[in-house]
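Q: My structure file coords-v8.cif, mmCIF, C-alpha atoms, is below:
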data_final
loop_
_atom_site.label_atom_id
_atom_site.label_comp_id
_atom_site.auth_asym_id
_atom_site.auth_seq_id
_atom_site.Cartn_x
_atom_site.Cartn_y
_atom_site.Cartn_z
CA MET B 167 -8.48 -22.43 -9.34
CA LYS B 168 -9.03 -24.53 -6.20
CA LYS B 169 -11.57 -22.00 -4.91
CA ARG B 170 -13.54 -22.23 -8.17
CA ILE B 171 -13.56 -26.02 -7.96
CA LEU B 172 -14.69 -25.87 -4.31
CA LEU B 173 -17.43 -23.41 -5.28
CA LEU B 174 -18.68 -25.69 -8.04
CA LEU B 175 -18.60 -28.72 -5.73
CA SER B 176 -20.51 -26.77 -3.09
CA VAL B 177 -23.19 -25.76 -5.59
CA PHE B 178 -23.41 -29.40 -6.70
CA TRP B 179 -23.94 -30.54 -3.07
CA VAL B 180 -26.67 -27.95 -2.62
CA ALA B 181 -28.43 -29.10 -5.79
CA ILE B 182 -28.40 -32.83 -5.00
CA SER B 183 -28.80 -32.90 -1.24
CA CYS B 184 -31.73 -30.56 -0.70
CA SER B 185 -35.40 -31.38 -0.98
CA SER B 186 -38.36 -29.32 0.15
CA SER B 187 -40.34 -32.47 1.01
CA ASP B 188 -38.20 -33.28 4.05
CA ASP B 189 -39.18 -31.44 7.23
CA ASN B 190 -37.79 -32.12 10.70
CA SER B 191 -37.67 -28.57 12.06
CA THR B 192 -39.46 -29.53 15.27
CA THR B 193 -36.37 -31.34 16.58
CA VAL B 194 -33.81 -28.54 16.11
CA ASP B 195 -33.37 -25.29 18.06
CA SER B 196 -32.00 -22.71 15.65
CA ASN B 197 -30.86 -19.08 15.82
CA ILE B 198 -28.90 -18.41 12.62
CA LEU B 199 -28.30 -14.94 11.18
CA VAL B 200 -27.09 -14.03 7.69
CA ASP B 201 -25.99 -10.39 7.62
CA GLY B 202 -28.13 -9.85 10.73
CA VAL B 203 -31.30 -11.32 9.15
CA ALA B 204 -32.81 -14.53 10.57
CA PHE B 205 -32.33 -17.70 8.52
CA ASN B 206 -34.93 -20.26 9.68
CA PRO B 207 -34.23 -23.60 7.98
CA THR B 208 -37.02 -26.17 7.88
CA ASN B 209 -34.80 -29.12 6.98
CA PHE B 210 -31.69 -30.23 8.90
CA ARG B 211 -29.68 -33.19 7.57
CA VAL B 212 -26.32 -34.79 8.10
CA ASP B 213 -24.94 -37.40 5.68
CA ASN B 214 -21.68 -39.28 5.40
CA GLY B 215 -19.41 -37.67 2.85
CA SER B 216 -16.41 -39.05 1.01
CA SER B 217 -12.82 -38.07 1.55
CA ASN B 218 -9.84 -38.57 -0.74
CA ALA B 219 -7.37 -38.78 2.15
CA LEU B 220 -6.50 -41.98 4.03
CA GLY B 221 -7.56 -42.01 7.69
CA VAL B 222 -10.01 -39.15 7.17
CA SER B 223 -13.80 -39.18 7.23
CA SER B 224 -16.33 -36.49 6.37
CA LEU B 225 -19.85 -35.35 7.16
CA VAL B 226 -22.11 -33.18 5.02
CA PHE B 227 -24.50 -30.84 6.87
CA SER B 228 -27.50 -29.41 4.98
CA LEU B 229 -29.72 -26.70 6.46
CA THR B 230 -32.40 -25.66 3.97
CA LYS B 231 -35.79 -24.09 3.41
CA GLY B 232 -37.92 -23.63 0.30
CA SER B 233 -37.45 -25.14 -3.16
CA ILE B 234 -34.18 -24.81 -5.04
CA TYR B 235 -34.08 -22.16 -7.81
CA THR B 236 -37.03 -20.26 -6.33
CA ALA B 237 -37.09 -16.91 -4.53
CA ASN B 238 -37.92 -18.56 -1.17
CA TYR B 239 -34.96 -20.98 -1.31
CA GLU B 240 -32.22 -20.61 1.30
CA ALA B 241 -29.53 -23.14 2.16
CA LEU B 242 -26.35 -23.56 4.13
CA VAL B 243 -24.50 -26.73 3.07
CA PHE B 244 -21.01 -27.64 4.20
CA THR B 245 -18.66 -30.59 4.58
CA ILE B 246 -16.26 -31.18 7.46
CA GLU B 247 -13.30 -33.55 7.30
CA TYR B 248 -11.79 -35.05 10.43
CA PRO B 249 -9.14 -37.66 11.29
CA LEU B 250 -10.46 -41.10 12.22
CA THR B 251 -7.67 -41.40 14.79
CA SER B 252 -9.09 -38.64 16.98
CA SER B 253 -11.04 -39.82 20.02
CA SER B 254 -13.12 -36.61 19.92
CA SER B 255 -14.10 -36.86 16.22
CA PRO B 256 -16.02 -35.16 14.72
CA ASN B 257 -16.02 -32.61 17.58
CA GLY B 258 -13.93 -29.55 16.88
CA THR B 259 -13.67 -26.14 15.29
CA TYR B 260 -13.44 -26.33 11.50
CA GLU B 261 -11.86 -23.58 9.41
CA PHE B 262 -13.36 -22.69 6.02
CA GLY B 263 -10.65 -22.55 3.39
CA ILE B 264 -7.63 -24.64 2.59
CA GLY B 265 -6.38 -26.64 5.56
CA GLU B 266 -3.27 -28.69 6.13
CA THR B 267 -3.97 -32.41 6.38
CA ALA B 268 -3.35 -33.76 9.90
CA THR B 269 -2.79 -30.28 11.38
CA THR B 270 -5.97 -28.27 10.80
CA LEU B 271 -9.61 -29.29 10.86
CA PHE B 272 -11.11 -27.81 7.73
CA ALA B 273 -14.46 -27.41 6.03
CA ASN B 274 -15.88 -26.23 2.73
CA GLY B 275 -19.36 -25.39 1.59
CA SER B 276 -21.83 -22.87 0.28
CA TYR B 277 -24.71 -20.59 1.19
CA ALA B 278 -27.59 -19.93 -1.22
CA LYS B 279 -30.36 -17.33 -1.15
CA GLY B 280 -32.88 -17.51 -3.98
CA THR B 281 -30.80 -18.17 -7.08
CA LYS B 282 -27.58 -16.54 -5.77
CA PHE B 283 -24.83 -18.82 -4.46
CA TYR B 284 -21.92 -17.98 -2.16
CA SER B 285 -18.82 -19.95 -1.26
CA LEU B 286 -17.98 -20.26 2.44
CA ALA B 287 -14.50 -18.78 2.53
CA GLY B 288 -13.49 -17.58 5.97
CA TYR B 289 -13.68 -18.21 9.70
CA SER B 290 -15.12 -21.32 11.30
CA VAL B 291 -17.91 -23.58 12.51
CA LYS B 292 -17.73 -25.41 15.83
CA VAL B 293 -19.24 -28.90 15.66
CA THR B 294 -20.27 -30.84 18.76
CA ALA B 295 -21.64 -34.37 18.38
CA LEU B 296 -24.38 -34.97 20.97
CA GLY B 297 -25.01 -38.64 20.15
CA GLU B 298 -26.75 -40.54 17.34
CA SER B 299 -27.70 -37.90 14.73
CA LYS B 300 -27.77 -35.00 17.19
CA TYR B 301 -25.34 -32.09 16.74
CA LYS B 302 -24.71 -28.55 17.89
CA LEU B 303 -23.32 -26.23 15.21
CA GLU B 304 -21.94 -22.80 16.15
CA PHE B 305 -21.30 -20.47 13.21
CA GLN B 306 -18.47 -18.10 14.06
CA ASN B 307 -18.92 -15.18 11.63
CA ILE B 308 -18.38 -17.30 8.53
CA GLU B 309 -17.76 -15.31 5.35
CA ALA B 310 -19.96 -16.32 2.42
CA VAL B 311 -18.48 -14.82 -0.78
CA SER B 312 -20.27 -14.58 -4.12
CA PHE B 313 -18.39 -15.23 -7.33
CA PRO B 314 -17.30 -13.34 -9.42
CA ASP B 315 -18.37 -10.04 -7.74
CA GLY B 316 -16.90 -10.86 -4.32
CA TYR B 317 -19.94 -9.69 -2.32
CA VAL B 318 -19.67 -10.96 1.28
CA LYS B 319 -22.42 -12.09 3.70
CA ILE B 320 -21.67 -13.06 7.31
CA VAL B 321 -23.22 -16.22 8.82
CA SER B 322 -23.42 -16.38 12.63
CA GLY B 323 -25.45 -18.07 15.35
CA TYR B 324 -26.14 -21.71 16.18
CA CYS B 325 -28.44 -24.67 15.76
CA GLU B 326 -28.77 -27.75 17.95
CA GLY B 327 -30.81 -30.92 17.68
CA ASP B 328 -31.59 -33.96 15.57
CA PHE B 329 -30.22 -33.89 12.01
CA ASN B 330 -32.14 -36.68 10.24
#
For this file, produce the structure as structure tokens.
A:
Amino acid sequence: MKKRILLLLSVFWVAISCSSSDDNSTTVDSNILVDGVAFNPTNFRVDNGSSNALGVSSLVFSLTKGSIYTANYEALVFTIEYPLTSSSSPNGTYEFGIGETATTLFANGSYAKGTKFYSLAGYSVKVTALGESKYKLEFQNIEAVSFPDGYVKIVSGYCEGDFN
């Protein structure tokens, strides 16, 4: 049940946080592959998220191209949660799935291609804050799983630059 709720929340984040009118692709170096095929986002954003746990903060990363609900739409949207007490926050490797508060850095999110949506369900993303709104994201063979058929796509590669 939790996975279904996370999937619905991920789809919601994709729907409200993506706009084809924003374009800052000139400030980000990107080499992202989905099942070995290049994903070239044109919009890179990071926003403050909300966390239900005390002493925890979150960031929402949105990497998109095209217009939602069209054939050319593609998006990778995920949230990381990190402890405010850590001097290295939000730097770290975040596991997709259910994490243990205060012991594991965890993330949740979704991948979309056209009108098909996938929940990010396995492996990790390494986040490095480079100052201001600059980040390096390293996708470590993340599993994107469609519901209900269970089809899996693998997200790998990196992007680095200004996420405005």
Q: Determine the nearest neighbour of Ala310 (chain B) from the options B:Arg211, B:Gly280, B:Val200, B:Glu326, counting all atoms listed in the file.
A: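 Residue with the minimum atom-to-atom distance to Ala310 (chain B): B:Val200.
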Q: B:Ser252, B:Ala278, B:Lys302, B:Gly202: which is nearest Ile234 (chain B), counting all atoms listed in the file?
A: B:Ala278
Q: As a CSV table (one decimal) with C-alpha atoms, in the coordinates of the input, please: the residues near Val293 (chain B) (cut-off 12 Å, only C-alpha atoms, same-chain neighbours under 2 positions excluded).
A:
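Once written, around16.csv looks like this:
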chain,number,residue,atom,x,y,z
B,212,VAL,CA,-26.3,-34.8,8.1
B,225,LEU,CA,-19.8,-35.4,7.2
B,226,VAL,CA,-22.1,-33.2,5.0
B,227,PHE,CA,-24.5,-30.8,6.9
B,244,PHE,CA,-21.0,-27.6,4.2
B,245,THR,CA,-18.7,-30.6,4.6
B,246,ILE,CA,-16.3,-31.2,7.5
B,247,GLU,CA,-13.3,-33.6,7.3
B,248,TYR,CA,-11.8,-35.0,10.4
B,254,SER,CA,-13.1,-36.6,19.9
B,255,SER,CA,-14.1,-36.9,16.2
B,256,PRO,CA,-16.0,-35.2,14.7
B,257,ASN,CA,-16.0,-32.6,17.6
B,258,GLY,CA,-13.9,-29.6,16.9
B,259,THR,CA,-13.7,-26.1,15.3
B,260,TYR,CA,-13.4,-26.3,11.5
B,261,GLU,CA,-11.9,-23.6,9.4
B,271,LEU,CA,-9.6,-29.3,10.9
B,272,PHE,CA,-11.1,-27.8,7.7
B,273,ALA,CA,-14.5,-27.4,6.0
B,290,SER,CA,-15.1,-21.3,11.3
B,291,VAL,CA,-17.9,-23.6,12.5
B,295,ALA,CA,-21.6,-34.4,18.4
B,296,LEU,CA,-24.4,-35.0,21.0
B,300,LYS,CA,-27.8,-35.0,17.2
B,301,TYR,CA,-25.3,-32.1,16.7
B,302,LYS,CA,-24.7,-28.6,17.9
B,303,LEU,CA,-23.3,-26.2,15.2
B,304,GLU,CA,-21.9,-22.8,16.2
B,305,PHE,CA,-21.3,-20.5,13.2
B,306,GLN,CA,-18.5,-18.1,14.1
B,324,TYR,CA,-26.1,-21.7,16.2
B,325,CYS,CA,-28.4,-24.7,15.8
B,326,GLU,CA,-28.8,-27.8,18.0
B,327,GLY,CA,-30.8,-30.9,17.7
Q: Quick one: distance from CA of Asn274 (chain B) to CA of Leu286 (chain B) in Å, one decimal?
A: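 One can read the CA of Asn274 (chain B) to CA of Leu286 (chain B) distance as 6.3 Å.
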Q: I would like the residues chosen by the PyMOL selection byres ((chain B and resi 228-232) around 6) on the shown file; could you give them as a VMD selection string?
A: chain B and resid 186 207 to 211 227 233 238 to 243
Q: Do you know which residues lie at most 7 Å from (-20.8, -15.8, 11.5), with coordinates as in the file and only C-alpha atoms counted, and could you write them as a count of residues only?
A: 9
